[in-house]
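Structure file protein35.txt (compact mmCIF, C-alpha atoms) is printed below.
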```
# COMPACT_ATOMS: atom_id res chain seq x y z
CA MET P 1 -27.11 -4.62 -6.68
CA ALA P 2 -23.53 -5.97 -6.64
CA THR P 3 -22.13 -7.07 -3.31
CA ILE P 4 -18.56 -6.64 -2.09
CA ALA P 5 -18.02 -10.33 -2.85
CA ASP P 6 -19.26 -9.77 -6.42
CA ASN P 7 -16.94 -6.77 -6.83
CA LEU P 8 -13.94 -8.70 -5.55
CA GLN P 9 -14.61 -11.59 -7.92
CA GLN P 10 -14.89 -9.22 -10.86
CA LEU P 11 -11.62 -7.54 -9.90
CA HIS P 12 -9.81 -10.84 -9.58
CA ASN P 13 -11.03 -11.71 -13.08
CA HIS P 14 -9.73 -8.40 -14.45
CA ILE P 15 -6.39 -8.87 -12.65
CA ALA P 16 -6.10 -12.37 -14.10
CA ASP P 17 -6.75 -10.98 -17.61
CA ALA P 18 -4.10 -8.28 -17.11
CA CYS P 19 -1.62 -10.85 -15.83
CA ALA P 20 -2.28 -13.08 -18.83
CA ARG P 21 -1.59 -10.19 -21.22
CA ALA P 22 1.64 -9.43 -19.34
CA HIS P 23 2.64 -13.13 -19.21
CA ARG P 24 2.68 -13.04 -15.41
CA SER P 25 1.30 -15.38 -12.79
CA THR P 26 -1.73 -14.09 -10.91
CA SER P 27 0.09 -15.06 -7.71
CA SER P 28 2.64 -12.31 -8.43
CA VAL P 29 0.06 -9.53 -7.95
CA ALA P 30 -1.67 -8.81 -4.64
CA LEU P 31 -5.00 -7.01 -4.44
CA MET P 32 -5.11 -4.46 -1.63
CA ALA P 33 -8.63 -3.38 -0.63
CA VAL P 34 -8.46 0.30 0.28
CA SER P 35 -10.96 0.50 3.11
CA LYS P 36 -10.47 4.13 4.14
CA MET P 37 -13.73 5.95 4.82
CA HIS P 38 -15.61 2.66 5.04
CA PRO P 39 -16.92 1.09 8.25
CA ALA P 40 -15.72 -2.02 10.01
CA GLU P 41 -18.77 -3.91 8.69
CA ALA P 42 -17.58 -3.44 5.09
CA ILE P 43 -14.13 -4.77 6.00
CA LEU P 44 -15.73 -7.79 7.65
CA GLU P 45 -17.82 -8.41 4.55
CA ALA P 46 -14.71 -8.28 2.36
CA HIS P 47 -12.89 -10.61 4.73
CA HIS P 48 -15.76 -13.09 4.61
CA ALA P 49 -15.42 -12.98 0.80
CA GLY P 50 -11.77 -13.97 1.06
CA GLN P 51 -9.98 -10.61 1.01
CA ARG P 52 -6.89 -10.60 3.24
CA LEU P 53 -4.95 -7.41 2.47
CA PHE P 54 -6.30 -3.97 3.34
CA GLY P 55 -5.03 -0.39 3.15
CA GLU P 56 -5.94 2.52 5.40
CA ASN P 57 -4.96 6.18 5.06
CA ARG P 58 -5.09 7.47 8.60
CA VAL P 59 -3.74 6.19 11.90
CA GLN P 60 -6.66 7.51 13.94
CA GLU P 61 -9.31 6.18 11.59
CA TRP P 62 -7.87 2.68 11.65
CA GLN P 63 -7.39 2.84 15.41
CA SER P 64 -11.09 3.57 15.84
CA LYS P 65 -12.12 0.66 13.58
CA SER P 66 -9.55 -1.91 14.60
CA ALA P 67 -11.00 -2.50 18.07
CA ARG P 68 -13.89 -4.33 16.40
CA LEU P 69 -11.53 -6.25 14.11
CA SER P 70 -8.62 -7.11 16.40
CA TYR P 71 -9.23 -10.85 16.11
CA LEU P 72 -8.62 -10.59 12.36
CA PHE P 73 -5.74 -8.10 12.39
CA ASP P 74 -3.57 -9.13 15.31
CA THR P 75 -0.38 -7.03 15.29
CA THR P 76 1.07 -8.21 18.60
CA GLN P 77 2.64 -11.29 16.98
CA SER P 78 1.02 -13.43 19.68
CA LEU P 79 -1.29 -14.92 17.07
CA PRO P 80 -0.94 -15.26 13.30
CA PRO P 81 -3.28 -12.65 11.76
CA THR P 82 -5.86 -13.84 9.27
CA ALA P 83 -5.54 -10.49 7.48
CA GLN P 84 -3.11 -7.60 7.17
CA VAL P 85 -3.59 -3.85 7.08
CA HIS P 86 -1.00 -1.40 5.71
CA LEU P 87 -0.80 2.34 6.17
CA ILE P 88 -1.03 3.89 2.70
CA GLY P 89 -1.52 7.53 3.68
CA PRO P 90 1.09 10.07 4.83
CA LEU P 91 2.49 9.42 8.29
CA GLN P 92 3.01 12.29 10.71
CA ASN P 93 6.05 11.96 12.97
CA ASN P 94 3.94 12.26 16.11
CA LYS P 95 1.96 9.16 15.08
CA THR P 96 4.85 6.82 14.31
CA ALA P 97 4.63 4.90 17.60
CA LYS P 98 0.94 4.15 17.18
CA ALA P 99 1.41 3.32 13.49
CA ALA P 100 4.14 0.80 14.33
CA GLU P 101 1.79 -0.77 16.84
CA ILE P 102 -1.41 -1.12 14.81
CA PHE P 103 -0.23 -1.66 11.21
CA HIS P 104 1.51 -4.66 9.70
CA ALA P 105 3.47 -2.46 7.27
CA ILE P 106 3.99 1.20 6.38
CA ASP P 107 3.78 1.81 2.64
CA THR P 108 4.47 5.57 2.62
CA LEU P 109 7.90 6.10 4.20
CA ASP P 110 9.58 9.17 2.71
CA SER P 111 12.15 10.48 5.21
CA LEU P 112 14.97 9.31 7.46
CA LYS P 113 13.43 11.16 10.40
CA THR P 114 10.24 9.14 10.14
CA ALA P 115 12.21 5.95 9.54
CA THR P 116 14.29 6.49 12.69
CA ARG P 117 11.20 7.03 14.79
CA LEU P 118 9.46 3.99 13.28
CA ASN P 119 12.53 1.85 13.90
CA GLY P 120 12.61 2.84 17.56
CA ALA P 121 8.90 2.17 17.95
CA ALA P 122 9.20 -1.23 16.25
CA ALA P 123 12.17 -2.14 18.44
CA ALA P 124 10.16 -1.30 21.56
CA LEU P 125 7.44 -3.66 20.29
CA ASN P 126 10.01 -6.36 19.45
CA LYS P 127 8.87 -6.48 15.84
CA THR P 128 10.35 -5.96 12.40
CA LEU P 129 8.23 -3.63 10.30
CA PRO P 130 8.19 -3.87 6.49
CA VAL P 131 8.17 -0.47 4.77
CA LEU P 132 7.71 0.77 1.24
CA ILE P 133 9.36 4.03 0.23
CA GLU P 134 6.91 6.41 -1.41
CA VAL P 135 8.52 8.16 -4.36
CA LYS P 136 7.06 11.36 -5.77
CA LEU P 137 7.35 11.19 -9.54
CA SER P 138 4.94 14.01 -10.44
CA HIS P 139 5.13 17.76 -9.88
CA GLU P 140 1.77 17.96 -8.10
CA GLU P 141 2.12 19.86 -4.83
CA ALA P 142 -0.55 17.74 -3.13
CA LYS P 143 1.41 14.54 -3.68
CA HIS P 144 3.70 13.18 -0.99
CA GLY P 145 6.91 11.24 -1.35
CA LEU P 146 10.66 11.23 -1.68
CA ALA P 147 12.38 12.83 -4.66
CA PRO P 148 13.72 10.03 -6.88
CA GLU P 149 17.27 11.36 -6.74
CA ASP P 150 17.20 11.00 -2.94
CA LEU P 151 16.24 7.31 -2.99
CA PRO P 152 19.76 5.81 -2.89
CA HIS P 153 20.67 8.01 0.07
CA LEU P 154 17.60 6.98 2.08
CA LEU P 155 18.10 3.31 1.28
CA ALA P 156 21.69 3.50 2.51
CA ALA P 157 20.58 5.27 5.67
CA LEU P 158 17.98 2.58 6.37
CA ALA P 159 20.58 -0.18 6.51
CA PRO P 160 21.46 0.29 10.22
CA LEU P 161 17.77 0.43 11.22
CA THR P 162 17.41 -3.27 11.92
CA ASN P 163 13.74 -3.17 12.93
CA LEU P 164 12.70 -1.94 9.48
CA THR P 165 12.83 -3.86 6.21
CA ALA P 166 12.78 -1.85 2.99
CA SER P 167 10.49 -4.11 0.95
CA GLY P 168 9.93 -1.95 -2.11
CA LEU P 169 8.62 1.28 -3.61
CA MET P 170 5.24 2.95 -3.94
CA THR P 171 3.96 5.84 -6.06
CA VAL P 172 0.75 7.66 -6.97
CA PRO P 173 0.75 9.11 -10.52
CA PRO P 174 -1.33 12.15 -11.48
CA TRP P 175 -4.99 11.35 -12.03
CA SER P 176 -6.08 10.88 -15.62
CA GLU P 177 -9.08 9.29 -17.29
CA ASP P 178 -6.62 7.69 -19.70
CA PRO P 179 -4.85 4.74 -18.01
CA GLU P 180 -1.98 5.03 -20.48
CA ALA P 181 -1.07 8.41 -18.98
CA ALA P 182 0.16 6.59 -15.88
CA ARG P 183 2.47 4.21 -17.76
CA PRO P 184 5.59 6.47 -17.75
CA TYR P 185 5.30 6.87 -13.97
CA PHE P 186 5.01 3.13 -13.46
CA GLN P 187 7.98 2.54 -15.76
CA HIS P 188 10.01 5.11 -13.83
CA LEU P 189 9.26 3.47 -10.48
CA ARG P 190 10.21 0.05 -11.84
CA ARG P 191 13.52 1.45 -13.13
CA LEU P 192 14.26 2.96 -9.72
CA ARG P 193 13.59 -0.39 -8.07
CA ASP P 194 15.74 -2.25 -10.57
CA GLU P 195 18.63 0.22 -10.25
CA ASN P 196 18.76 -0.26 -6.48
CA LEU P 197 17.91 -3.95 -6.22
CA ALA P 198 21.45 -5.31 -6.36
CA ALA P 199 22.53 -3.16 -3.41
CA HIS P 200 19.26 -3.70 -1.55
CA PRO P 201 17.94 -7.20 -2.38
CA THR P 202 14.85 -6.93 -0.16
CA LEU P 203 13.55 -4.11 -2.41
CA THR P 204 11.35 -6.36 -4.53
CA GLN P 205 7.85 -4.87 -4.22
CA LEU P 206 6.16 -2.26 -6.42
CA SER P 207 2.90 -0.86 -5.07
CA MET P 208 1.33 0.98 -7.99
CA GLY P 209 -1.97 1.02 -9.80
CA MET P 210 -5.48 1.91 -8.68
CA SER P 211 -9.00 1.37 -10.00
CA ASN P 212 -8.54 3.20 -13.29
CA ASP P 213 -5.01 2.12 -14.22
CA PHE P 214 -4.22 -1.15 -12.45
CA ALA P 215 -4.04 -3.15 -15.69
CA VAL P 216 -1.30 -0.85 -17.00
CA ALA P 217 0.47 -1.08 -13.64
CA ILE P 218 0.45 -4.88 -13.84
CA GLU P 219 1.92 -4.72 -17.33
CA GLU P 220 4.73 -2.58 -15.89
CA GLY P 221 5.52 -4.92 -12.99
CA SER P 222 3.27 -3.91 -10.11
CA THR P 223 3.19 -6.43 -7.28
CA THR P 224 0.32 -4.74 -5.39
CA VAL P 225 -2.64 -2.84 -6.82
CA ARG P 226 -4.61 -0.59 -4.45
CA ILE P 227 -8.36 -0.52 -5.13
CA GLY P 228 -11.12 1.04 -3.06
CA THR P 229 -14.28 2.31 -4.73
CA ALA P 230 -14.51 -0.63 -7.15
CA ILE P 231 -14.73 -2.91 -4.10
CA PHE P 232 -16.60 -0.92 -1.47
CA GLY P 233 -18.50 1.65 -3.52
CA LYS P 234 -18.55 5.32 -2.65
CA ARG P 235 -17.10 6.37 0.67
CA THR P 236 -19.65 6.25 3.43
CA TYR P 237 -18.27 8.96 5.72
CA ALA P 238 -15.81 11.86 5.59
```
Would you put the structure from the file into structure tokens?
Amino acid sequence: MATIADNLQQLHNHIADACARAHRSTSSVALMAVSKMHPAEAILEAHHAGQRLFGENRVQEWQSKSARLSYLFDTTQSLPPTAQVHLIGPLQNNKTAKAAEIFHAIDTLDSLKTATRLNGAAAALNKTLPVLIEVKLSHEEAKHGLAPEDLPHLLAALAPLTNLTASGLMTVPPWSEDPEAARPYFQHLRRLRDENLAAHPTLTQLSMGMSNDFAVAIEEGSTTVRIGTAIFGKRTYA
């Protein structure tokens, strides 16, 4: 039975193959282990295998797990963390203060209201919080994110919020068994990034691609692929 370490090694091999096909350096693509619905022990096992970037969907879930992992994921800036955890699920406005406290970055920002609250919370903690703007490129009602036509306006509004850094964009395309179905969405996100990069030079990151389509995402410029089940197996609790 494959271990988490085995799964990570296999994924790194696949990422390296995808990077080679795209004529990219493997150092240009980060692997985020999506640890939602998995216990602290699984995160520790992945960390022991060398994994350093994790993604969690819910503030409360990570808060309950992080007490056992605080020595790895220090967010107080008193010690350099050996690993980072990003929020990759939707953020409710009443949880912005806690999110700013316990996450190293927020990858799902989609409104000025949330940004303003995050900025105030980060300022109170004396920290600068990297954020990705989640862009909704599909018509699925269940998907979250900013409409693409609203992106320039939000980026301009973020400029005075000095405790946030707009580091890039994130999207989740509609699910399909065919990885090629996601390519137009990845291309669209890359175009949006490129169109706004001159005015906002920190906007370099593209978080796109999951277990079934990460190779296509890498071909289209992804800088972070988010993978859960292929690392940790099926979710262990609801």
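Between CA of Pro90 (chain P) and CA of Ala33 (chain P) the separation is 17.5 Å.
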Selection: 12 Å around region 60-76 of chain P, only C-alpha atoms, excl. self and same-chain fewer than 3 positions, as a ChimeraX atom specification: /P:34-48,51-57,79-89,91-92,94-96,98-105,122,124-129,237-238
Tell me, counting only C-alpha atoms, for each residue of region 41-121 of chain P within 7 Å of region 141-162 of chain P, which pair of atoms is nearest and how far apart they are in Å to one decimal, in rows ordered by chain and increasing number, as JSON lines.
```
{"residue": "P:Asp110", "atom": "CA", "partner": "P:Leu146", "partner_atom": "CA", "distance": 5.0}
{"residue": "P:Leu112", "atom": "CA", "partner": "P:Leu154", "partner_atom": "CA", "distance": 6.4}
{"residue": "P:Asn119", "atom": "CA", "partner": "P:Leu161", "partner_atom": "CA", "distance": 6.1}
```
Straight-line distance linking CA of Ser167 (chain P) with CA of Ser211 (chain P), stated in Å to one decimal: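 Those two atoms sit 23.0 Å apart.
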Non-local contacts of Ser138 (chain P) (8 Å; all atoms listed in the file; under 2 positions in same chain excluded) as a VMD selection string: chain P and resid 136 140 143 173 to 174 185
Residue with smallest distance to Glu177 (chain P) - pool P:Asn196, P:Leu31, P:Ala115, P:Asp213, counting all atoms listed in the file: P:Asp213
Selection: 9 Å around region 12-23 of chain P, only C-alpha atoms, excl. self and same-chain fewer than 6 positions, as a ChimeraX atom specification: /P:29,31,214-216,218-221
Gap from CA of Leu206 (chain P) to CA of Leu164 (chain P) - Å, one decimal: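 Going from CA of Leu206 (chain P) over to CA of Leu164 (chain P), I get 17.2 Å.
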